[in-house]
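Asks: Before I ask anything, let me first share the structure, which is written out below as structure tokens.
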Amino acid sequence: MDPVTSGILVVIALLVLMAIGTPIAFALGAVALGALVLDQGMGELVYFGETFFGHVASFGFVAIPMFILMGAAVASSPTGRDLYRSLDIWMGRLPGGLAISNIAACSIFAALSGSSPATSAAIGKLGIPEMRKRGYPDGVAAGCIAAGGTLGILIPPSVTMIVYGISTETSIGRLFIAGAVPGLMLAGLFMVWTLIACKLSGGYNSPNPVAAAAAQIKENVEGNMKALVRVLPFLMVVLGILFALYGGVATPSEAAGVGAFLCLALAIMVYRMWQVKPISNIMRDALRESVMIMLIIATAEIFAFALSSLFITQTLAGAIADLEVNRWVLMGVINLFLLVAGFFLPPVAVIVMAAPILLPIILAANFDPYWFAVILTINLEIGLITPPVGLNLFIIKGIAPDIALRDILLGSLPYALCMILGIVLLCFFPEIALWLPNLIMGAGT
């Protein structure tokens, strides 16, 4: 069977399995195993096991469960509540300020947790009911949280950037810093659209009446300042991790391990989580997400191996490389491919399968691999708030079940357009992603 036909059959089989509700990891593994056995016989079962366990045995992957544990310690503690309250006191009483403060809270919480779903859930549980109570339209309330949550895979430290760095053998520290400014740029674009949406709808909170009691205002300010003080140690841990990575003090795995321990210790001491149950819940959540991601990485590697064995990867890469077009047209084709892939697959699976294939093409077209990592990540962010998978959409639906999924989707789509605008800006001005890493770590790859 020729590679094109094989590739079409593999994609159809994968889509069918996902359509009937098969978990992503099992769907990838089943299709890969079936393709290998049908093409090369039962002897491939030996290589299946070797590839499966051999790939995830890399020491570099230790950083993933450690960063996830760090995020779980933050997400399972009242840190999100305190962060939300402290930002609300500064911006919540301005026209449209509460929605903007939610995006700011998502940006900061993304740096603390490194997880998009955790960010959407932690801030959404507090922000969505409060925004609706103050008169915000359901679409704006749900959309700004769903979009703000996507920043978790771009703003450092990011688990997806770690996976990209290991898959492409690029510097994880440089990848982290390359995502910082674009992440802030996207947060700024989200805030601008949120303000416009609030103005257009006419539904946003008004400042407190002048006649409000001064004692009540003072109490609110004092309470929120105390909440901010409780959040600061966690922010210092994140800054310390980034300093250790950029300064060459520690490897990503070492920095992640120390960060996980410190965040867990802070959650216990700051919020007095001395009981066994809260700590066991943190460990349970971290273990569950770590196993899910590592299983996806392992089966995605098997899937990539199957595609290579069937010469599907080589055929696709050759077809893209043989396109006699301008390099920006080539980049447009790659962006379209990543966008479609992000609609159906989680970011980790797309990176493990696609990044090693696309990187040689990117380098041949004279694009920077760290700039491309940011472009790739933003494309995958769009997939988090667009159907059919749209993980953040379903998280928001779980938080606010009385909001129609249609309203959540319509409220999120303008933010997807903001991300596309962000990609365009990065194409015109690559230094948005490259200036800071070149300044801190020097030019080069």
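Residue numbers start at 1 in each chain; chains themselves are named A, B, ... in the order of the structure tokens; ligands are numbered from 1 in the order shown.
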For A:Phe261, work out the shell of residues within 10 Å, counting only C-alpha atoms and skipping chain neighbours fewer than 3 positions away, then give it as a list in words.

Replies: Met66, Leu69, Met70, Ala73, Ala256, Gly257, Val258, Leu264, Ala265, Leu266 and Ala267 of chain A

Asks: Could you list, as a PyMOL selection string, every residue within 8 Å of stretch 155-172 of chain A, counting only C-alpha atoms and ignoring same-chain residues fewer than 4 positions away?

Replies: chain A and resi 60-61+63-64+67-68+107+110-112+114-115+151+176-177+179-180+183-184+238+242+252+347-348+351-352+355-356+359+373+377+445

Asks: Include N, CA, C and O atoms and write out the residues we just selected as a short mmCIF file (atom, residue, chain, number, x, y, z; two decimals), in the first residue's frame.

Replies:
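Written output follows (selection_10.cif):
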```cif
data_model
loop_
_atom_site.label_atom_id
_atom_site.label_comp_id
_atom_site.auth_asym_id
_atom_site.auth_seq_id
_atom_site.Cartn_x
_atom_site.Cartn_y
_atom_site.Cartn_z
N GLY A 60 15.05 13.77 31.08
CA GLY A 60 14.46 15.09 30.85
C GLY A 60 12.99 15.16 31.16
O GLY A 60 12.46 16.21 31.54
N PHE A 61 12.29 14.04 31.03
CA PHE A 61 10.85 14.03 31.28
C PHE A 61 10.51 14.11 32.76
O PHE A 61 9.34 14.27 33.11
N ALA A 63 11.04 16.51 34.57
CA ALA A 63 10.55 17.87 34.79
C ALA A 63 9.04 17.96 34.65
O ALA A 63 8.40 18.79 35.30
N ILE A 64 8.44 17.10 33.83
CA ILE A 64 7.00 17.20 33.58
C ILE A 64 6.19 16.89 34.83
O ILE A 64 5.38 17.72 35.27
N PHE A 67 6.75 19.72 37.48
CA PHE A 67 6.02 20.97 37.22
C PHE A 67 4.52 20.77 37.42
O PHE A 67 3.81 21.68 37.85
N ILE A 68 4.03 19.58 37.10
CA ILE A 68 2.60 19.30 37.32
C ILE A 68 2.29 19.26 38.81
O ILE A 68 1.26 19.79 39.25
N SER A 107 -3.30 35.09 33.66
CA SER A 107 -1.91 35.21 33.22
C SER A 107 -0.95 34.85 34.35
O SER A 107 0.02 34.10 34.16
N ALA A 110 -1.33 31.18 35.34
CA ALA A 110 -0.71 30.33 34.32
C ALA A 110 0.77 30.14 34.62
O ALA A 110 1.32 29.04 34.44
N ALA A 111 1.43 31.22 35.06
CA ALA A 111 2.85 31.11 35.41
C ALA A 111 3.04 30.24 36.65
O ALA A 111 4.06 29.56 36.79
N LEU A 112 2.05 30.25 37.55
CA LEU A 112 2.16 29.45 38.76
C LEU A 112 1.90 27.98 38.51
O LEU A 112 2.55 27.10 39.09
N GLY A 114 1.29 26.44 35.13
CA GLY A 114 1.77 25.87 33.87
C GLY A 114 0.74 25.01 33.17
O GLY A 114 1.07 24.28 32.24
N SER A 115 -0.52 25.09 33.58
CA SER A 115 -1.57 24.23 33.03
C SER A 115 -2.76 25.07 32.61
O SER A 115 -3.29 25.86 33.42
N LEU A 151 -3.36 30.60 28.21
CA LEU A 151 -2.02 31.15 28.42
C LEU A 151 -1.14 30.22 29.23
O LEU A 151 0.08 30.38 29.27
N PHE A 176 11.40 28.80 27.30
CA PHE A 176 10.60 29.46 28.33
C PHE A 176 10.61 30.97 28.14
O PHE A 176 9.55 31.61 28.13
N ILE A 177 11.79 31.54 28.01
CA ILE A 177 11.88 32.99 27.92
C ILE A 177 11.30 33.50 26.60
O ILE A 177 10.79 34.62 26.52
N GLY A 179 8.63 32.44 25.25
CA GLY A 179 7.18 32.51 25.38
C GLY A 179 6.69 33.61 26.28
O GLY A 179 5.47 33.89 26.30
N ALA A 180 7.58 34.28 27.02
CA ALA A 180 7.15 35.26 28.02
C ALA A 180 6.50 36.48 27.38
O ALA A 180 5.36 36.82 27.70
N GLY A 183 3.34 35.77 25.43
CA GLY A 183 2.26 35.49 26.36
C GLY A 183 1.65 36.76 26.91
O GLY A 183 0.41 36.90 27.00
N LEU A 184 2.49 37.73 27.27
CA LEU A 184 1.99 39.01 27.75
C LEU A 184 1.28 39.78 26.64
O LEU A 184 0.29 40.47 26.88
N VAL A 238 8.35 30.96 41.34
CA VAL A 238 8.39 30.94 39.87
C VAL A 238 9.56 31.77 39.36
O VAL A 238 10.30 31.33 38.47
N LEU A 242 12.84 30.42 37.13
CA LEU A 242 13.26 31.01 35.86
C LEU A 242 14.69 31.52 35.94
O LEU A 242 15.48 31.36 35.00
N PRO A 252 16.37 21.85 33.93
CA PRO A 252 14.91 21.93 34.10
C PRO A 252 14.37 20.93 35.11
O PRO A 252 13.48 21.26 35.89
N PRO A 347 -2.36 19.40 22.91
CA PRO A 347 -1.08 20.00 22.53
C PRO A 347 0.11 19.06 22.63
O PRO A 347 0.98 19.05 21.75
N VAL A 348 0.19 18.27 23.71
CA VAL A 348 1.34 17.39 23.91
C VAL A 348 1.46 16.39 22.76
O VAL A 348 2.55 16.15 22.22
N ILE A 351 2.70 18.08 19.53
CA ILE A 351 4.12 18.44 19.58
C ILE A 351 5.00 17.22 19.40
O ILE A 351 5.97 17.24 18.61
N VAL A 352 4.70 16.14 20.10
CA VAL A 352 5.54 14.94 20.01
C VAL A 352 5.55 14.38 18.59
O VAL A 352 6.59 13.95 18.08
N ALA A 355 6.48 18.12 15.81
CA ALA A 355 7.66 18.98 15.93
C ALA A 355 8.91 18.37 15.30
O ALA A 355 9.63 19.06 14.55
N PRO A 356 9.24 17.09 15.54
CA PRO A 356 10.45 16.53 14.91
C PRO A 356 10.36 16.49 13.39
O PRO A 356 11.39 16.55 12.70
N LEU A 359 10.55 20.49 12.21
CA LEU A 359 11.74 21.29 12.54
C LEU A 359 12.75 21.35 11.39
O LEU A 359 13.24 22.45 11.07
N ALA A 373 8.49 27.67 17.87
CA ALA A 373 7.87 27.04 19.04
C ALA A 373 6.73 27.89 19.57
O ALA A 373 5.68 27.36 19.98
N THR A 377 2.79 26.87 19.56
CA THR A 377 2.03 26.86 20.81
C THR A 377 0.77 27.69 20.71
O THR A 377 -0.30 27.28 21.21
N THR A 445 21.17 29.49 18.67
CA THR A 445 20.18 28.46 18.95
C THR A 445 20.75 27.37 19.82
O THR A 445 20.10 26.41 20.12
#
```

Asks: List as a PyMOL selection string the protein and nucleic acid residues near A:Ala416, meaning an atom at most 8 Å away when only C-alpha atoms are counted, but skip any in the same chain fewer than 5 places from it.

Replies: chain A and resi 147+382+385-386

Asks: With a distance cut-off of 10 Å and only C-alpha atoms, select the neighbouring residues of A:Gly422, excluding the residue or stretch itself and same-chain residues fewer than 5 positions from it, and output the selection as number ranges by chain.

Replies: A: 182-183, 185-186, 189, 375, 378, 416-417, 427-428

Asks: When you look at A:Phe394 with a cut-off of 12 Å (counting only C-alpha atoms), what residues show up, excluding the ones that are within fewer than 2 positions of it in the same chain? I need them as a short mmCIF file (atom, residue, chain, number, x, y, z; two decimals) with N, CA, C and O atoms, in the first residue's frame.

Replies:
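This is the output file around-v3.cif:
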```
data_model
loop_
_atom_site.label_atom_id
_atom_site.label_comp_id
_atom_site.auth_asym_id
_atom_site.auth_seq_id
_atom_site.Cartn_x
_atom_site.Cartn_y
_atom_site.Cartn_z
N PRO A 117 -5.94 23.87 31.68
CA PRO A 117 -7.17 23.45 32.37
C PRO A 117 -7.21 23.91 33.82
O PRO A 117 -8.26 24.34 34.30
N SER A 120 -8.05 27.68 33.93
CA SER A 120 -9.46 27.94 33.63
C SER A 120 -10.34 27.55 34.81
O SER A 120 -11.29 28.27 35.17
N ALA A 121 -10.05 26.41 35.43
CA ALA A 121 -10.88 25.93 36.52
C ALA A 121 -10.72 26.79 37.77
O ALA A 121 -11.71 27.19 38.40
N GLY A 124 -11.93 30.43 36.94
CA GLY A 124 -13.32 30.41 36.50
C GLY A 124 -14.30 30.17 37.63
O GLY A 124 -15.39 30.74 37.64
N ALA A 142 -17.72 33.88 30.26
CA ALA A 142 -17.16 32.56 29.97
C ALA A 142 -15.97 32.65 29.02
O ALA A 142 -14.96 31.96 29.19
N GLY A 143 -16.09 33.50 27.99
CA GLY A 143 -15.05 33.58 26.97
C GLY A 143 -13.72 34.08 27.49
O GLY A 143 -12.66 33.56 27.13
N ILE A 145 -12.47 33.84 30.48
CA ILE A 145 -11.81 32.83 31.31
C ILE A 145 -11.27 31.69 30.46
O ILE A 145 -10.15 31.21 30.65
N ALA A 146 -12.08 31.23 29.48
CA ALA A 146 -11.62 30.14 28.60
C ALA A 146 -10.36 30.55 27.85
O ALA A 146 -9.41 29.78 27.73
N LEU A 384 -7.65 24.80 22.06
CA LEU A 384 -8.22 24.62 23.40
C LEU A 384 -9.56 25.31 23.57
O LEU A 384 -10.30 25.00 24.51
N ILE A 385 -9.88 26.26 22.68
CA ILE A 385 -11.16 26.98 22.81
C ILE A 385 -12.00 26.87 21.55
O ILE A 385 -12.89 27.69 21.32
N THR A 386 -11.71 25.87 20.72
CA THR A 386 -12.51 25.64 19.52
C THR A 386 -12.92 24.17 19.46
O THR A 386 -12.18 23.30 19.89
N PRO A 387 -14.11 23.89 18.93
CA PRO A 387 -14.55 22.48 18.81
C PRO A 387 -13.72 21.75 17.77
O PRO A 387 -13.03 22.40 16.98
N PRO A 388 -13.74 20.39 17.73
CA PRO A 388 -14.63 19.55 18.55
C PRO A 388 -14.07 19.20 19.92
O PRO A 388 -14.82 18.78 20.79
N VAL A 389 -12.74 19.32 20.14
CA VAL A 389 -12.19 18.96 21.45
C VAL A 389 -12.40 20.11 22.43
O VAL A 389 -13.15 19.98 23.40
N GLY A 390 -11.76 21.26 22.18
CA GLY A 390 -12.01 22.47 22.97
C GLY A 390 -12.05 22.22 24.47
O GLY A 390 -13.07 22.49 25.12
N LEU A 391 -10.96 21.72 25.04
CA LEU A 391 -10.94 21.30 26.43
C LEU A 391 -11.40 22.41 27.37
O LEU A 391 -12.21 22.18 28.29
N ASN A 392 -10.92 23.63 27.17
CA ASN A 392 -11.28 24.73 28.06
C ASN A 392 -12.78 25.05 27.99
O ASN A 392 -13.38 25.48 28.98
N ILE A 396 -15.23 25.17 31.29
CA ILE A 396 -16.12 26.28 31.62
C ILE A 396 -17.56 25.80 31.73
O ILE A 396 -18.31 26.23 32.62
N LYS A 397 -17.97 24.91 30.85
CA LYS A 397 -19.32 24.36 30.92
C LYS A 397 -19.54 23.61 32.22
O LYS A 397 -20.63 23.67 32.82
N GLY A 398 -18.52 22.90 32.69
CA GLY A 398 -18.63 22.20 33.97
C GLY A 398 -18.74 23.16 35.14
O GLY A 398 -19.43 22.89 36.12
N ILE A 399 -18.04 24.31 35.05
CA ILE A 399 -18.08 25.30 36.12
C ILE A 399 -19.44 26.02 36.15
O ILE A 399 -20.01 26.27 37.21
N ALA A 400 -19.95 26.36 34.96
CA ALA A 400 -21.22 27.09 34.84
C ALA A 400 -22.16 26.31 33.94
O ALA A 400 -22.35 26.68 32.77
N PRO A 401 -22.77 25.24 34.43
CA PRO A 401 -23.60 24.39 33.56
C PRO A 401 -24.83 25.08 33.01
O PRO A 401 -25.41 24.63 32.02
N ILE A 403 -24.87 28.01 31.66
CA ILE A 403 -24.52 28.80 30.48
C ILE A 403 -24.50 27.86 29.27
O ILE A 403 -23.83 26.82 29.30
N ALA A 404 -25.22 28.22 28.23
CA ALA A 404 -25.30 27.37 27.04
C ALA A 404 -23.92 27.25 26.39
O ALA A 404 -23.16 28.22 26.35
N LEU A 405 -23.62 26.04 25.91
CA LEU A 405 -22.33 25.82 25.25
C LEU A 405 -22.17 26.75 24.06
O LEU A 405 -21.05 27.18 23.74
N ARG A 406 -23.26 27.05 23.40
CA ARG A 406 -23.22 27.98 22.26
C ARG A 406 -22.72 29.36 22.70
O ARG A 406 -21.90 29.99 22.02
N ILE A 408 -20.84 29.99 25.33
CA ILE A 408 -19.42 29.86 25.68
C ILE A 408 -18.56 29.89 24.42
O ILE A 408 -17.53 30.57 24.37
N LEU A 409 -19.00 29.16 23.39
CA LEU A 409 -18.25 29.11 22.14
C LEU A 409 -18.20 30.48 21.47
O LEU A 409 -17.13 30.95 21.05
N SER A 412 -15.92 32.81 23.12
CA SER A 412 -14.49 32.46 23.03
C SER A 412 -13.91 32.74 21.64
O SER A 412 -12.70 32.99 21.52
#
```

Asks: List as a PyMOL selection string the protein and nucleic acid residues near A:Arg230, meaning an atom at most 8 Å away when only C-alpha atoms are counted, but skip any in the same chain fewer than 4 places from it.

Replies: chain A and resi 79+82+226+270

Asks: Which of these, A:Ala99, A:Arg288, A:Gly152, A:Ala178, has the shortest distance to A:Glu431 once you count only C-alpha atoms?

Replies: A:Ala178

Asks: Between A:Leu310, A:Ser253, A:Leu425, A:Ala298, which has the minimum distance to A:Gln40 (counting only C-alpha atoms)?

Replies: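 When distances to A:Gln40 are compared using only C-alpha atoms, the smallest one comes from A:Leu310.
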
Asks: Pick the closest to A:Thr150 from A:Gly411, A:Pro437, A:Gly71, A:Gly383: which is it, counting only C-alpha atoms?

Replies: A:Gly383

Asks: From a DSSP calculation on the backbone, collect every residue of stretch 126-281 of chain A in alpha helix (DSSP H) and output the set as a PDB file with C-alpha atoms, in the first residue's frame.

Replies:
```pdb
ATOM      1  CA  LEU A 126     -14.457  32.457  41.273  1.00  0.00           C
ATOM      2  CA  GLY A 127     -14.621  34.822  38.321  1.00  0.00           C
ATOM      3  CA  ILE A 128     -17.601  33.589  36.319  1.00  0.00           C
ATOM      4  CA  PRO A 129     -20.213  33.744  39.132  1.00  0.00           C
ATOM      5  CA  GLU A 130     -18.939  37.168  40.212  1.00  0.00           C
ATOM      6  CA  MET A 131     -19.009  38.603  36.687  1.00  0.00           C
ATOM      7  CA  ARG A 132     -22.521  37.309  36.067  1.00  0.00           C
ATOM      8  CA  LYS A 133     -23.650  38.769  39.398  1.00  0.00           C
ATOM      9  CA  ASP A 138     -22.585  35.185  29.799  1.00  0.00           C
ATOM     10  CA  GLY A 139     -20.461  35.092  26.618  1.00  0.00           C
ATOM     11  CA  VAL A 140     -17.978  37.663  27.944  1.00  0.00           C
ATOM     12  CA  ALA A 141     -17.785  36.037  31.381  1.00  0.00           C
ATOM     13  CA  ALA A 142     -17.155  32.558  29.969  1.00  0.00           C
ATOM     14  CA  GLY A 143     -15.047  33.585  26.966  1.00  0.00           C
ATOM     15  CA  CYS A 144     -12.475  35.667  28.830  1.00  0.00           C
ATOM     16  CA  ILE A 145     -11.811  32.826  31.313  1.00  0.00           C
ATOM     17  CA  ALA A 146     -11.622  30.145  28.599  1.00  0.00           C
ATOM     18  CA  ALA A 147      -9.180  32.275  26.598  1.00  0.00           C
ATOM     19  CA  GLY A 148      -7.169  33.407  29.615  1.00  0.00           C
ATOM     20  CA  GLY A 149      -6.710  29.781  30.604  1.00  0.00           C
ATOM     21  CA  THR A 150      -4.959  28.993  27.319  1.00  0.00           C
ATOM     22  CA  VAL A 159       4.898  21.791  30.259  1.00  0.00           C
ATOM     23  CA  THR A 160       4.338  21.903  26.490  1.00  0.00           C
ATOM     24  CA  MET A 161       7.535  23.889  26.018  1.00  0.00           C
ATOM     25  CA  ILE A 162       9.399  21.178  27.928  1.00  0.00           C
ATOM     26  CA  VAL A 163       7.946  18.533  25.599  1.00  0.00           C
ATOM     27  CA  TYR A 164       8.913  20.631  22.555  1.00  0.00           C
ATOM     28  CA  GLY A 165      12.448  21.108  23.869  1.00  0.00           C
ATOM     29  CA  ILE A 166      12.949  17.391  24.480  1.00  0.00           C
ATOM     30  CA  SER A 167      11.354  16.400  21.160  1.00  0.00           C
ATOM     31  CA  THR A 168      13.491  18.830  19.130  1.00  0.00           C
ATOM     32  CA  ILE A 172      14.178  24.564  27.386  1.00  0.00           C
ATOM     33  CA  GLY A 173      15.390  27.692  29.167  1.00  0.00           C
ATOM     34  CA  ARG A 174      15.439  29.647  25.909  1.00  0.00           C
ATOM     35  CA  LEU A 175      11.997  28.269  25.009  1.00  0.00           C
ATOM     36  CA  PHE A 176      10.598  29.458  28.331  1.00  0.00           C
ATOM     37  CA  ILE A 177      11.875  32.993  27.919  1.00  0.00           C
ATOM     38  CA  ALA A 178      10.776  33.081  24.258  1.00  0.00           C
ATOM     39  CA  GLY A 179       7.183  32.509  25.379  1.00  0.00           C
ATOM     40  CA  ALA A 180       7.154  35.258  28.016  1.00  0.00           C
ATOM     41  CA  VAL A 181       6.676  38.399  25.890  1.00  0.00           C
ATOM     42  CA  PRO A 182       4.269  36.756  23.385  1.00  0.00           C
ATOM     43  CA  GLY A 183       2.255  35.489  26.364  1.00  0.00           C
ATOM     44  CA  LEU A 184       1.986  39.013  27.752  1.00  0.00           C
ATOM     45  CA  MET A 185       1.141  40.304  24.264  1.00  0.00           C
ATOM     46  CA  LEU A 186      -1.739  37.842  23.981  1.00  0.00           C
ATOM     47  CA  ALA A 187      -2.954  38.781  27.457  1.00  0.00           C
ATOM     48  CA  GLY A 188      -2.928  42.431  26.336  1.00  0.00           C
ATOM     49  CA  LEU A 189      -4.894  41.618  23.176  1.00  0.00           C
ATOM     50  CA  PHE A 190      -7.408  39.666  25.263  1.00  0.00           C
ATOM     51  CA  MET A 191      -7.845  42.640  27.596  1.00  0.00           C
ATOM     52  CA  VAL A 192      -8.395  45.043  24.702  1.00  0.00           C
ATOM     53  CA  TRP A 193     -11.087  42.830  23.172  1.00  0.00           C
ATOM     54  CA  THR A 194     -12.702  42.281  26.585  1.00  0.00           C
ATOM     55  CA  LEU A 195     -13.008  46.029  27.113  1.00  0.00           C
ATOM     56  CA  ILE A 196     -14.480  46.444  23.605  1.00  0.00           C
ATOM     57  CA  ALA A 197     -16.944  43.580  24.183  1.00  0.00           C
ATOM     58  CA  CYS A 198     -18.057  45.083  27.495  1.00  0.00           C
ATOM     59  CA  LYS A 199     -18.581  48.497  25.905  1.00  0.00           C
ATOM     60  CA  LEU A 200     -20.533  47.022  22.985  1.00  0.00           C
ATOM     61  CA  SER A 201     -22.782  44.914  25.209  1.00  0.00           C
ATOM     62  CA  ALA A 214     -15.661  53.985  54.208  1.00  0.00           C
ATOM     63  CA  ALA A 215     -15.208  51.241  56.784  1.00  0.00           C
ATOM     64  CA  GLN A 216     -16.453  48.608  54.332  1.00  0.00           C
ATOM     65  CA  ILE A 217     -14.061  49.836  51.626  1.00  0.00           C
ATOM     66  CA  LYS A 218     -11.169  49.765  54.108  1.00  0.00           C
ATOM     67  CA  GLU A 219     -12.062  46.241  55.153  1.00  0.00           C
ATOM     68  CA  ASN A 220     -12.103  45.094  51.524  1.00  0.00           C
ATOM     69  CA  VAL A 221      -8.739  46.721  50.817  1.00  0.00           C
ATOM     70  CA  GLU A 222      -7.137  45.205  53.892  1.00  0.00           C
ATOM     71  CA  GLY A 223      -8.525  41.750  53.125  1.00  0.00           C
ATOM     72  CA  ASN A 224      -7.327  41.836  49.555  1.00  0.00           C
ATOM     73  CA  MET A 225      -3.885  43.130  50.490  1.00  0.00           C
ATOM     74  CA  LYS A 226      -3.529  40.204  52.898  1.00  0.00           C
ATOM     75  CA  ALA A 227      -4.524  37.886  50.047  1.00  0.00           C
ATOM     76  CA  LEU A 228      -1.836  39.459  47.836  1.00  0.00           C
ATOM     77  CA  VAL A 229       0.792  38.899  50.542  1.00  0.00           C
ATOM     78  CA  ARG A 230      -0.120  35.198  50.634  1.00  0.00           C
ATOM     79  CA  VAL A 231       0.335  34.907  46.847  1.00  0.00           C
ATOM     80  CA  LEU A 232       3.732  36.628  46.693  1.00  0.00           C
ATOM     81  CA  PRO A 233       5.805  33.645  47.971  1.00  0.00           C
ATOM     82  CA  PHE A 234       4.466  31.486  45.132  1.00  0.00           C
ATOM     83  CA  LEU A 235       5.399  34.169  42.597  1.00  0.00           C
ATOM     84  CA  MET A 236       8.879  34.322  44.093  1.00  0.00           C
ATOM     85  CA  VAL A 237       9.254  30.553  43.576  1.00  0.00           C
ATOM     86  CA  VAL A 238       8.386  30.940  39.874  1.00  0.00           C
ATOM     87  CA  LEU A 239      10.865  33.797  39.484  1.00  0.00           C
ATOM     88  CA  GLY A 240      13.510  31.714  41.254  1.00  0.00           C
ATOM     89  CA  ILE A 241      12.938  28.791  38.903  1.00  0.00           C
ATOM     90  CA  LEU A 242      13.255  31.012  35.858  1.00  0.00           C
ATOM     91  CA  PHE A 243      16.432  32.588  37.250  1.00  0.00           C
ATOM     92  CA  ALA A 244      17.924  29.136  37.889  1.00  0.00           C
ATOM     93  CA  LEU A 245      17.148  28.044  34.337  1.00  0.00           C
ATOM     94  CA  TYR A 246      18.345  31.168  32.566  1.00  0.00           C
ATOM     95  CA  PRO A 252      14.913  21.934  34.101  1.00  0.00           C
ATOM     96  CA  SER A 253      14.414  18.699  36.049  1.00  0.00           C
ATOM     97  CA  GLU A 254      16.317  20.006  39.057  1.00  0.00           C
ATOM     98  CA  ALA A 255      14.532  23.362  39.004  1.00  0.00           C
ATOM     99  CA  ALA A 256      11.158  21.644  38.645  1.00  0.00           C
ATOM    100  CA  GLY A 257      11.866  19.333  41.595  1.00  0.00           C
ATOM    101  CA  VAL A 258      12.848  22.210  43.886  1.00  0.00           C
ATOM    102  CA  GLY A 259       9.870  24.273  42.678  1.00  0.00           C
ATOM    103  CA  ALA A 260       7.448  21.426  43.357  1.00  0.00           C
ATOM    104  CA  PHE A 261       8.800  20.935  46.882  1.00  0.00           C
ATOM    105  CA  LEU A 262       8.684  24.666  47.694  1.00  0.00           C
ATOM    106  CA  CYS A 263       5.154  25.163  46.336  1.00  0.00           C
ATOM    107  CA  LEU A 264       3.899  22.129  48.244  1.00  0.00           C
ATOM    108  CA  ALA A 265       5.589  23.370  51.421  1.00  0.00           C
ATOM    109  CA  LEU A 266       4.167  26.875  50.927  1.00  0.00           C
ATOM    110  CA  ALA A 267       0.659  25.533  50.329  1.00  0.00           C
ATOM    111  CA  ILE A 268       0.900  23.588  53.596  1.00  0.00           C
ATOM    112  CA  MET A 269       2.362  26.440  55.664  1.00  0.00           C
ATOM    113  CA  VAL A 270       0.595  29.501  54.196  1.00  0.00           C
ATOM    114  CA  VAL A 276      -3.777  14.270  55.169  1.00  0.00           C
ATOM    115  CA  LYS A 277      -6.745  14.675  52.785  1.00  0.00           C
ATOM    116  CA  PRO A 278      -5.710  18.005  51.124  1.00  0.00           C
ATOM    117  CA  ILE A 279      -2.173  16.753  50.604  1.00  0.00           C
ATOM    118  CA  SER A 280      -3.371  13.415  49.245  1.00  0.00           C
ATOM    119  CA  ASN A 281      -5.691  15.301  46.872  1.00  0.00           C
TER     120      ASN A 281
END
```
